[in-house]
$ cat input_23.pdb   # PDB, C-alpha atoms
MODEL        1
ATOM      1  CA  MET A  11     -64.115 -41.648  58.660  1.00  0.00           C
ATOM      2  CA  SER A  12     -60.998 -42.820  56.847  1.00  0.00           C
ATOM      3  CA  ILE A  13     -61.450 -44.517  53.511  1.00  0.00           C
ATOM      4  CA  HIS A  14     -59.757 -47.895  53.061  1.00  0.00           C
ATOM      5  CA  GLN A  15     -56.423 -46.947  54.564  1.00  0.00           C
ATOM      6  CA  THR A  16     -54.047 -49.802  55.385  1.00  0.00           C
ATOM      7  CA  HIS A  17     -52.563 -49.722  58.880  1.00  0.00           C
ATOM      8  CA  SER A  18     -49.651 -52.128  59.086  1.00  0.00           C
ATOM      9  CA  GLU A  19     -47.702 -50.993  62.150  1.00  0.00           C
ATOM     10  CA  LYS A  20     -47.069 -53.644  64.792  1.00  0.00           C
ATOM     11  CA  ASN A  21     -46.191 -53.189  68.445  1.00  0.00           C
ATOM     12  CA  ALA A  22     -48.673 -50.318  68.266  1.00  0.00           C
ATOM     13  CA  ILE A  23     -51.891 -49.095  69.852  1.00  0.00           C
ATOM     14  CA  TYR A  24     -54.761 -48.057  67.573  1.00  0.00           C
ATOM     15  CA  PHE A  25     -57.847 -46.040  68.337  1.00  0.00           C
ATOM     16  CA  VAL A  26     -60.504 -47.730  66.194  1.00  0.00           C
ATOM     17  CA  THR A  27     -64.036 -46.668  65.295  1.00  0.00           C
ATOM     18  CA  PHE A  28     -66.555 -48.431  63.106  1.00  0.00           C
ATOM     19  CA  THR A  29     -70.127 -47.424  62.465  1.00  0.00           C
ATOM     20  CA  CYS A  30     -73.393 -49.017  61.430  1.00  0.00           C
ATOM     21  CA  PHE A  31     -74.751 -48.244  57.976  1.00  0.00           C
ATOM     22  CA  GLN A  32     -76.513 -44.852  57.963  1.00  0.00           C
ATOM     23  CA  TRP A  33     -75.853 -44.644  61.708  1.00  0.00           C
ATOM     24  CA  LEU A  34     -78.782 -47.018  62.281  1.00  0.00           C
ATOM     25  CA  PRO A  35     -78.901 -48.341  65.880  1.00  0.00           C
ATOM     26  CA  LEU A  36     -78.487 -51.925  64.686  1.00  0.00           C
ATOM     27  CA  ILE A  37     -76.433 -53.100  67.655  1.00  0.00           C
ATOM     28  CA  ASP A  38     -79.098 -51.948  70.076  1.00  0.00           C
ATOM     29  CA  GLU A  39     -82.039 -52.978  67.873  1.00  0.00           C
ATOM     30  CA  THR A  40     -80.765 -56.564  67.877  1.00  0.00           C
ATOM     31  CA  SER A  41     -79.208 -56.588  71.363  1.00  0.00           C
ATOM     32  CA  CYS A  42     -75.961 -57.840  69.817  1.00  0.00           C
ATOM     33  CA  TYR A  43     -73.669 -56.284  72.417  1.00  0.00           C
ATOM     34  CA  GLN A  44     -72.578 -59.709  73.697  1.00  0.00           C
ATOM     35  CA  TYR A  45     -71.285 -60.750  70.260  1.00  0.00           C
ATOM     36  CA  PHE A  46     -68.454 -58.277  70.623  1.00  0.00           C
ATOM     37  CA  ASN A  47     -67.108 -60.500  73.418  1.00  0.00           C
ATOM     38  CA  LYS A  48     -66.437 -63.307  70.960  1.00  0.00           C
ATOM     39  CA  TRP A  49     -64.441 -60.876  68.814  1.00  0.00           C
ATOM     40  CA  PHE A  50     -62.565 -59.669  71.903  1.00  0.00           C
ATOM     41  CA  GLU A  51     -61.625 -63.293  72.696  1.00  0.00           C
ATOM     42  CA  TYR A  52     -60.458 -63.789  69.113  1.00  0.00           C
ATOM     43  CA  LEU A  53     -58.184 -60.740  69.333  1.00  0.00           C
ATOM     44  CA  THR A  54     -56.314 -62.246  72.265  1.00  0.00           C
ATOM     45  CA  THR A  55     -55.717 -65.529  70.439  1.00  0.00           C
ATOM     46  CA  GLN A  56     -54.176 -63.569  67.553  1.00  0.00           C
ATOM     47  CA  LYS A  57     -51.790 -61.476  69.691  1.00  0.00           C
ATOM     48  CA  ALA A  58     -53.897 -58.349  69.660  1.00  0.00           C
ATOM     49  CA  TYR A  59     -55.162 -56.938  72.933  1.00  0.00           C
ATOM     50  CA  LEU A  60     -58.175 -54.863  73.808  1.00  0.00           C
ATOM     51  CA  LEU A  61     -57.117 -51.955  76.039  1.00  0.00           C
ATOM     52  CA  GLY A  62     -60.394 -50.044  76.185  1.00  0.00           C
ATOM     53  CA  TYR A  63     -63.776 -49.931  74.468  1.00  0.00           C
ATOM     54  CA  VAL A  64     -67.307 -48.699  74.332  1.00  0.00           C
ATOM     55  CA  ILE A  65     -70.112 -50.329  72.372  1.00  0.00           C
ATOM     56  CA  MET A  66     -72.746 -47.786  71.437  1.00  0.00           C
ATOM     57  CA  PRO A  67     -76.155 -48.468  69.835  1.00  0.00           C
ATOM     58  CA  ASN A  68     -74.772 -47.707  66.372  1.00  0.00           C
ATOM     59  CA  HIS A  69     -70.974 -47.653  66.607  1.00  0.00           C
ATOM     60  CA  PHE A  70     -67.907 -48.988  68.388  1.00  0.00           C
ATOM     61  CA  HIS A  71     -64.787 -47.277  69.725  1.00  0.00           C
ATOM     62  CA  GLY A  72     -61.812 -49.247  70.945  1.00  0.00           C
ATOM     63  CA  LEU A  73     -58.146 -49.148  71.767  1.00  0.00           C
ATOM     64  CA  ILE A  74     -56.403 -52.212  70.381  1.00  0.00           C
ATOM     65  CA  TYR A  75     -52.750 -53.142  70.713  1.00  0.00           C
ATOM     66  CA  VAL A  76     -51.291 -55.195  67.851  1.00  0.00           C
ATOM     67  CA  ASP A  77     -48.309 -57.242  69.011  1.00  0.00           C
ATOM     68  CA  GLU A  78     -45.165 -57.426  66.896  1.00  0.00           C
ATOM     69  CA  ASN A  79     -45.686 -61.224  66.665  1.00  0.00           C
ATOM     70  CA  SER A  80     -49.212 -60.950  65.315  1.00  0.00           C
ATOM     71  CA  GLU A  81     -49.663 -62.278  61.794  1.00  0.00           C
ATOM     72  CA  LYS A  82     -52.565 -59.903  61.102  1.00  0.00           C
ATOM     73  CA  THR A  83     -52.949 -56.144  60.787  1.00  0.00           C
ATOM     74  CA  ILE A  84     -55.465 -53.964  62.570  1.00  0.00           C
ATOM     75  CA  ASN A  85     -57.363 -53.810  59.250  1.00  0.00           C
ATOM     76  CA  GLN A  86     -57.783 -57.585  59.292  1.00  0.00           C
ATOM     77  CA  PHE A  87     -58.825 -57.618  62.951  1.00  0.00           C
ATOM     78  CA  VAL A  88     -61.468 -54.953  62.402  1.00  0.00           C
ATOM     79  CA  ALA A  89     -62.722 -56.610  59.201  1.00  0.00           C
ATOM     80  CA  ASN A  90     -63.074 -59.953  60.990  1.00  0.00           C
ATOM     81  CA  GLY A  91     -64.915 -58.359  63.901  1.00  0.00           C
ATOM     82  CA  LYS A  92     -67.284 -56.420  61.678  1.00  0.00           C
ATOM     83  CA  ARG A  93     -68.021 -59.504  59.571  1.00  0.00           C
ATOM     84  CA  PHE A  94     -68.770 -61.723  62.572  1.00  0.00           C
ATOM     85  CA  ILE A  95     -70.953 -59.115  64.300  1.00  0.00           C
ATOM     86  CA  ALA A  96     -72.748 -58.295  61.029  1.00  0.00           C
ATOM     87  CA  TYR A  97     -73.758 -61.949  60.594  1.00  0.00           C
ATOM     88  CA  GLU A  98     -75.258 -61.943  64.071  1.00  0.00           C
ATOM     89  CA  ILE A  99     -77.084 -58.649  63.488  1.00  0.00           C
ATOM     90  CA  ILE A 100     -78.608 -59.970  60.248  1.00  0.00           C
ATOM     91  CA  ARG A 101     -79.543 -63.269  61.902  1.00  0.00           C
ATOM     92  CA  LYS A 102     -81.314 -61.403  64.705  1.00  0.00           C
ATOM     93  CA  LEU A 103     -83.076 -59.005  62.295  1.00  0.00           C
ATOM     94  CA  LYS A 104     -84.404 -62.011  60.390  1.00  0.00           C
ATOM     95  CA  GLU A 105     -85.538 -63.707  63.621  1.00  0.00           C
ATOM     96  CA  GLN A 106     -87.318 -60.521  64.666  1.00  0.00           C
ATOM     97  CA  THR A 107     -88.793 -60.135  61.141  1.00  0.00           C
ATOM     98  CA  HIS A 108     -87.468 -56.597  60.638  1.00  0.00           C
ATOM     99  CA  HIS A 109     -88.094 -56.712  56.880  1.00  0.00           C
ATOM    100  CA  GLY A 110     -87.944 -52.929  56.457  1.00  0.00           C
ATOM    101  CA  ILE A 111     -84.488 -52.672  57.988  1.00  0.00           C
ATOM    102  CA  LEU A 112     -83.262 -55.707  56.045  1.00  0.00           C
ATOM    103  CA  THR A 113     -84.477 -54.145  52.788  1.00  0.00           C
ATOM    104  CA  LYS A 114     -82.699 -50.899  53.634  1.00  0.00           C
ATOM    105  CA  LEU A 115     -79.468 -52.811  54.359  1.00  0.00           C
ATOM    106  CA  GLU A 116     -79.771 -54.720  51.059  1.00  0.00           C
ATOM    107  CA  SER A 117     -80.229 -51.512  49.096  1.00  0.00           C
ATOM    108  CA  GLY A 118     -77.169 -49.954  50.739  1.00  0.00           C
ATOM    109  CA  LEU A 119     -74.694 -52.190  48.937  1.00  0.00           C
ATOM    110  CA  SER A 120     -72.424 -50.923  46.198  1.00  0.00           C
ATOM    111  CA  ARG A 121     -72.206 -52.824  42.922  1.00  0.00           C
ATOM    112  CA  ARG A 122     -68.760 -54.066  43.963  1.00  0.00           C
ATOM    113  CA  GLN A 123     -70.065 -55.395  47.290  1.00  0.00           C
ATOM    114  CA  VAL A 124     -72.858 -57.255  45.492  1.00  0.00           C
ATOM    115  CA  GLU A 125     -70.337 -58.726  43.025  1.00  0.00           C
ATOM    116  CA  ARG A 126     -68.262 -59.974  45.980  1.00  0.00           C
ATOM    117  CA  GLY A 127     -71.314 -61.716  47.412  1.00  0.00           C
ATOM    118  CA  SER A 128     -72.385 -59.310  50.139  1.00  0.00           C
ATOM    119  CA  LYS A 129     -76.088 -59.335  50.925  1.00  0.00           C
ATOM    120  CA  HIS A 130     -76.433 -56.496  53.461  1.00  0.00           C
ATOM    121  CA  ALA A 131     -74.583 -53.283  54.345  1.00  0.00           C
ATOM    122  CA  VAL A 132     -74.531 -53.595  58.143  1.00  0.00           C
ATOM    123  CA  PHE A 133     -71.455 -51.437  58.767  1.00  0.00           C
ATOM    124  CA  ILE A 134     -69.897 -48.640  56.765  1.00  0.00           C
ATOM    125  CA  SER A 135     -67.250 -50.423  54.689  1.00  0.00           C
ATOM    126  CA  SER A 136     -64.289 -48.427  55.993  1.00  0.00           C
ATOM    127  CA  PHE A 137     -63.256 -47.800  59.575  1.00  0.00           C
ATOM    128  CA  ASP A 138     -61.339 -45.069  61.325  1.00  0.00           C
ATOM    129  CA  GLY A 139     -57.994 -46.173  62.739  1.00  0.00           C
ATOM    130  CA  LYS A 140     -55.582 -43.780  64.397  1.00  0.00           C
ATOM    131  CA  LEU A 141     -52.175 -44.775  65.641  1.00  0.00           C
ATOM    132  CA  CYS A 142     -51.674 -43.675  69.254  1.00  0.00           C
ATOM    133  CA  PHE A 143     -48.151 -42.350  69.604  1.00  0.00           C
ATOM    134  CA  ASP A 144     -47.848 -41.845  73.337  1.00  0.00           C
ATOM    135  CA  ARG A 145     -49.463 -42.318  76.733  1.00  0.00           C
ATOM    136  CA  GLU A 146     -51.154 -38.905  76.648  1.00  0.00           C
ATOM    137  CA  MET A 147     -52.920 -39.764  73.380  1.00  0.00           C
ATOM    138  CA  VAL A 148     -54.030 -43.161  74.735  1.00  0.00           C
ATOM    139  CA  GLU A 149     -55.407 -41.545  77.888  1.00  0.00           C
ATOM    140  CA  THR A 150     -57.206 -38.857  75.853  1.00  0.00           C
ATOM    141  CA  LYS A 151     -58.836 -41.495  73.646  1.00  0.00           C
ATOM    142  CA  LEU A 152     -59.724 -43.673  76.645  1.00  0.00           C
ATOM    143  CA  ASN A 153     -61.389 -40.700  78.336  1.00  0.00           C
ATOM    144  CA  TYR A 154     -63.340 -39.977  75.141  1.00  0.00           C
ATOM    145  CA  ILE A 155     -64.399 -43.632  74.840  1.00  0.00           C
ATOM    146  CA  HIS A 156     -65.591 -43.871  78.426  1.00  0.00           C
ATOM    147  CA  LYS A 157     -67.566 -40.624  78.446  1.00  0.00           C
ATOM    148  CA  ASN A 158     -69.187 -41.217  75.033  1.00  0.00           C
ATOM    149  CA  PRO A 159     -72.363 -42.848  76.492  1.00  0.00           C
ATOM    150  CA  VAL A 160     -73.320 -39.679  78.389  1.00  0.00           C
ATOM    151  CA  LYS A 161     -72.193 -36.972  75.944  1.00  0.00           C
ATOM    152  CA  GLY A 162     -74.229 -35.089  73.368  1.00  0.00           C
ATOM    153  CA  LYS A 163     -77.452 -36.827  72.448  1.00  0.00           C
ATOM    154  CA  TRP A 164     -76.510 -39.968  74.331  1.00  0.00           C
ATOM    155  CA  ARG A 165     -77.976 -40.556  77.747  1.00  0.00           C
ATOM    156  CA  LEU A 166     -77.273 -44.281  78.005  1.00  0.00           C
ATOM    157  CA  ALA A 167     -76.342 -44.234  81.693  1.00  0.00           C
ATOM    158  CA  ASP A 168     -76.698 -41.910  84.655  1.00  0.00           C
ATOM    159  CA  ASP A 169     -72.942 -42.132  85.224  1.00  0.00           C
ATOM    160  CA  TRP A 170     -70.419 -43.037  82.511  1.00  0.00           C
ATOM    161  CA  VAL A 171     -68.496 -45.231  84.953  1.00  0.00           C
ATOM    162  CA  HIS A 172     -71.480 -47.591  85.153  1.00  0.00           C
ATOM    163  CA  TYR A 173     -72.247 -47.955  81.434  1.00  0.00           C
ATOM    164  CA  GLN A 174     -72.217 -51.735  81.035  1.00  0.00           C
ATOM    165  CA  TYR A 175     -70.850 -51.922  77.481  1.00  0.00           C
ATOM    166  CA  SER A 176     -67.625 -50.126  78.260  1.00  0.00           C
ATOM    167  CA  SER A 177     -64.247 -50.628  79.877  1.00  0.00           C
ATOM    168  CA  ALA A 178     -64.877 -47.716  82.277  1.00  0.00           C
ATOM    169  CA  GLY A 179     -65.658 -50.045  85.205  1.00  0.00           C
ATOM    170  CA  PHE A 180     -62.368 -51.884  84.631  1.00  0.00           C
ATOM    171  CA  TYR A 181     -60.342 -48.673  84.839  1.00  0.00           C
ATOM    172  CA  GLU A 182     -62.367 -46.637  87.314  1.00  0.00           C
ATOM    173  CA  LEU A 183     -63.810 -49.263  89.663  1.00  0.00           C
ATOM    174  CA  GLY A 184     -61.322 -52.116  89.334  1.00  0.00           C
ATOM    175  CA  GLU A 185     -63.948 -54.477  87.927  1.00  0.00           C
ATOM    176  CA  SER A 186     -62.690 -57.740  86.488  1.00  0.00           C
ATOM    177  CA  ASN A 187     -62.818 -58.110  82.707  1.00  0.00           C
ATOM    178  CA  SER A 188     -61.122 -61.088  81.056  1.00  0.00           C
ATOM    179  CA  TYR A 189     -61.072 -59.391  77.642  1.00  0.00           C
ATOM    180  CA  LEU A 190     -59.091 -56.341  78.732  1.00  0.00           C
ATOM    181  CA  ARG A 191     -55.468 -55.570  79.368  1.00  0.00           C
ATOM    182  CA  HIS A 192     -54.381 -52.338  81.028  1.00  0.00           C
ATOM    183  CA  TYR A 193     -52.884 -49.862  78.586  1.00  0.00           C
ATOM    184  CA  ARG A 194     -49.886 -49.248  80.883  1.00  0.00           C
ATOM    185  CA  GLU A 195     -48.628 -52.743  80.010  1.00  0.00           C
ATOM    186  CA  PHE A 196     -47.973 -51.517  76.476  1.00  0.00           C
ATOM    187  CA  ILE A 197     -46.643 -47.977  76.910  1.00  0.00           C
TER     188      ILE A 197
ENDMDL
END

$ encode --input "input_23.pdb" --output "structure tokens"
Amino acid sequence: MSIHQTHSEKNAIYFVTFTCFQWLPLIDETSCYQYFNKWFEYLTTQKAYLLGYVIMPNHFHGLIYVDENSEKTINQFVANGKRFIAYEIIRKLKEQTHHGILTKLESGLSRRQVERGSKHAVFISSFDGKLCFDREMVETKLNYIHKNPVKGKWRLADDWVHYQYSSAGFYELGESNSYLRHYREFI
């Protein structure tokens, strides 16, 4: 995981990963998958486009294109998404009275985060962002993203093409998805 690296390139595709604190399955625990859609909508309004994604129980992978006319960087887009989704996760944990998890998330804050007013460590503070230089790299990352739900310990679907929190159906089955743009539009 990269540590607080600034990514300022525009007219570029990034492979982005962010992870829940201590790899806790907070997204699944709170069923907050749908809150990513609001972030995806926001990206489009800011001239950043989602080209592929998978939302896992405890992390997110995505391919995001940042237009040359965008006023924000990929760092700002990811920070905004993490902040919005974190609020929803905390709200749901409170509704479901998950006091043990909330206490763990409170104790995971650094002194600096507390001084800045943070109350819970929902996501690891940094994110991993890799600039995709060519079509081959984009396709490699997209393949990794789509097959993630059925690899290793994950058995989230019988067939990766049908995992519902992924762009696999868009690419493999031609399913409609208003949040996605095809990567070929940008390479």

$ closest_residue --input "input_23.pdb" --among "A:Asp77, A:Lys82, A:Gln106, A:His17" --to "Phe137 in chain A" --atoms "all atoms listed in the file"
A:His17

$ resolve_selection --input "input_23.pdb" --expression "the PyMOL selection byres ((chain A and resi 92-96) around 12)" --output "NGL selection string"
:A and (26-31 or 36-37 or 40-50 or 52 or 65 or 69-70 or 85-91 or 97-103 or 112 or 115 or 128-137)

$ closest_residue --input "input_23.pdb" --among "A:Leu141, A:Ala178, A:Ala58, A:Leu119" --to "Gln32 in chain A" --atoms "all atoms listed in the file"
A:Leu119

$ resolve_selection --input "input_23.pdb" --expression "the PyMOL selection byres ((chain A and resi 151) around 12)" --output "MDAnalysis selection string"
chainID A and resid 23:27 61:64 71:74 139:150 152:158 193

$ resolve_selection --input "input_23.pdb" --expression "the PyMOL selection byres ((chain A and resi 78) around 8)" --output "PDB file with C-alpha atoms, keeping the file's coordinate frame"
ATOM      1  CA  LYS A  20     -47.069 -53.644  64.792  1.00  0.00           C
ATOM      2  CA  ASN A  21     -46.191 -53.189  68.445  1.00  0.00           C
ATOM      3  CA  VAL A  76     -51.291 -55.195  67.851  1.00  0.00           C
ATOM      4  CA  ASP A  77     -48.309 -57.242  69.011  1.00  0.00           C
ATOM      5  CA  ASN A  79     -45.686 -61.224  66.665  1.00  0.00           C
ATOM      6  CA  SER A  80     -49.212 -60.950  65.315  1.00  0.00           C
TER       7      SER A  80
END

$ build_atoms --input "input_23.pdb" --residues "range 179-190 of chain A" --atoms "all heavy atoms" --output "compact mmCIF listing (two decimals), in the frame of the given file"
# COMPACT_ATOMS: atom_id res chain seq x y z
N GLY A 179 -65.66 -49.36 83.91
CA GLY A 179 -65.66 -50.04 85.20
C GLY A 179 -64.33 -50.72 85.50
O GLY A 179 -63.87 -50.76 86.65
N PHE A 180 -63.68 -51.25 84.49
CA PHE A 180 -62.37 -51.88 84.63
C PHE A 180 -61.35 -50.87 85.13
O PHE A 180 -60.59 -51.14 86.07
CB PHE A 180 -61.95 -52.47 83.27
CG PHE A 180 -60.56 -53.02 83.22
CD1 PHE A 180 -60.28 -54.28 83.72
CD2 PHE A 180 -59.53 -52.28 82.65
CE1 PHE A 180 -58.99 -54.81 83.65
CE2 PHE A 180 -58.24 -52.79 82.57
CZ PHE A 180 -57.97 -54.06 83.08
N TYR A 181 -61.32 -49.69 84.49
CA TYR A 181 -60.34 -48.67 84.84
C TYR A 181 -60.71 -47.88 86.08
O TYR A 181 -59.84 -47.56 86.89
CB TYR A 181 -60.12 -47.73 83.66
CG TYR A 181 -59.26 -48.34 82.59
CD1 TYR A 181 -59.80 -48.87 81.43
CD2 TYR A 181 -57.87 -48.40 82.74
CE1 TYR A 181 -59.00 -49.45 80.46
CE2 TYR A 181 -57.06 -48.98 81.78
CZ TYR A 181 -57.63 -49.50 80.65
OH TYR A 181 -56.83 -50.07 79.69
N GLU A 182 -61.96 -47.54 86.24
CA GLU A 182 -62.37 -46.64 87.31
C GLU A 182 -62.77 -47.35 88.60
O GLU A 182 -62.62 -46.79 89.69
CB GLU A 182 -63.52 -45.75 86.84
CG GLU A 182 -63.19 -44.90 85.63
CD GLU A 182 -62.06 -43.90 85.86
OE1 GLU A 182 -61.97 -43.35 86.98
OE2 GLU A 182 -61.25 -43.70 84.93
N LEU A 183 -63.30 -48.55 88.49
CA LEU A 183 -63.81 -49.26 89.66
C LEU A 183 -63.04 -50.55 89.97
O LEU A 183 -63.35 -51.23 90.95
CB LEU A 183 -65.29 -49.61 89.46
CG LEU A 183 -66.23 -48.43 89.16
CD1 LEU A 183 -67.62 -48.92 88.83
CD2 LEU A 183 -66.24 -47.45 90.33
N GLY A 184 -62.09 -50.90 89.13
CA GLY A 184 -61.32 -52.12 89.33
C GLY A 184 -62.09 -53.39 89.06
O GLY A 184 -61.73 -54.46 89.56
N GLU A 185 -63.15 -53.30 88.25
CA GLU A 185 -63.95 -54.48 87.93
C GLU A 185 -63.14 -55.44 87.06
O GLU A 185 -62.36 -55.02 86.20
CB GLU A 185 -65.22 -54.07 87.19
CG GLU A 185 -66.19 -53.30 88.05
CD GLU A 185 -67.40 -52.79 87.28
OE1 GLU A 185 -67.44 -52.90 86.03
OE2 GLU A 185 -68.33 -52.27 87.93
N SER A 186 -63.36 -56.71 87.26
CA SER A 186 -62.69 -57.74 86.49
C SER A 186 -63.26 -57.78 85.07
O SER A 186 -64.46 -57.63 84.88
CB SER A 186 -62.90 -59.09 87.17
OG SER A 186 -62.34 -60.11 86.41
N ASN A 187 -62.39 -57.98 84.09
CA ASN A 187 -62.82 -58.11 82.71
C ASN A 187 -61.76 -58.94 81.98
O ASN A 187 -60.66 -58.46 81.72
CB ASN A 187 -62.99 -56.74 82.05
CG ASN A 187 -63.61 -56.83 80.68
OD1 ASN A 187 -63.26 -57.69 79.88
ND2 ASN A 187 -64.53 -55.93 80.39
N SER A 188 -62.10 -60.17 81.65
CA SER A 188 -61.12 -61.09 81.06
C SER A 188 -60.70 -60.70 79.65
O SER A 188 -59.72 -61.23 79.14
CB SER A 188 -61.68 -62.51 81.06
OG SER A 188 -62.86 -62.58 80.28
N TYR A 189 -61.41 -59.79 79.01
CA TYR A 189 -61.07 -59.39 77.64
C TYR A 189 -60.07 -58.24 77.60
O TYR A 189 -59.52 -57.95 76.55
CB TYR A 189 -62.32 -58.96 76.87
CG TYR A 189 -63.44 -59.94 76.95
CD1 TYR A 189 -64.65 -59.61 77.54
CD2 TYR A 189 -63.29 -61.23 76.45
CE1 TYR A 189 -65.68 -60.53 77.61
CE2 TYR A 189 -64.31 -62.15 76.53
CZ TYR A 189 -65.50 -61.80 77.11
OH TYR A 189 -66.51 -62.70 77.19
N LEU A 190 -59.88 -57.57 78.72
CA LEU A 190 -59.09 -56.34 78.73
C LEU A 190 -57.70 -56.54 79.32
O LEU A 190 -57.49 -57.35 80.21
CB LEU A 190 -59.80 -55.28 79.58
CG LEU A 190 -60.99 -54.59 78.93
CD1 LEU A 190 -61.76 -53.80 79.96
CD2 LEU A 190 -60.54 -53.69 77.81
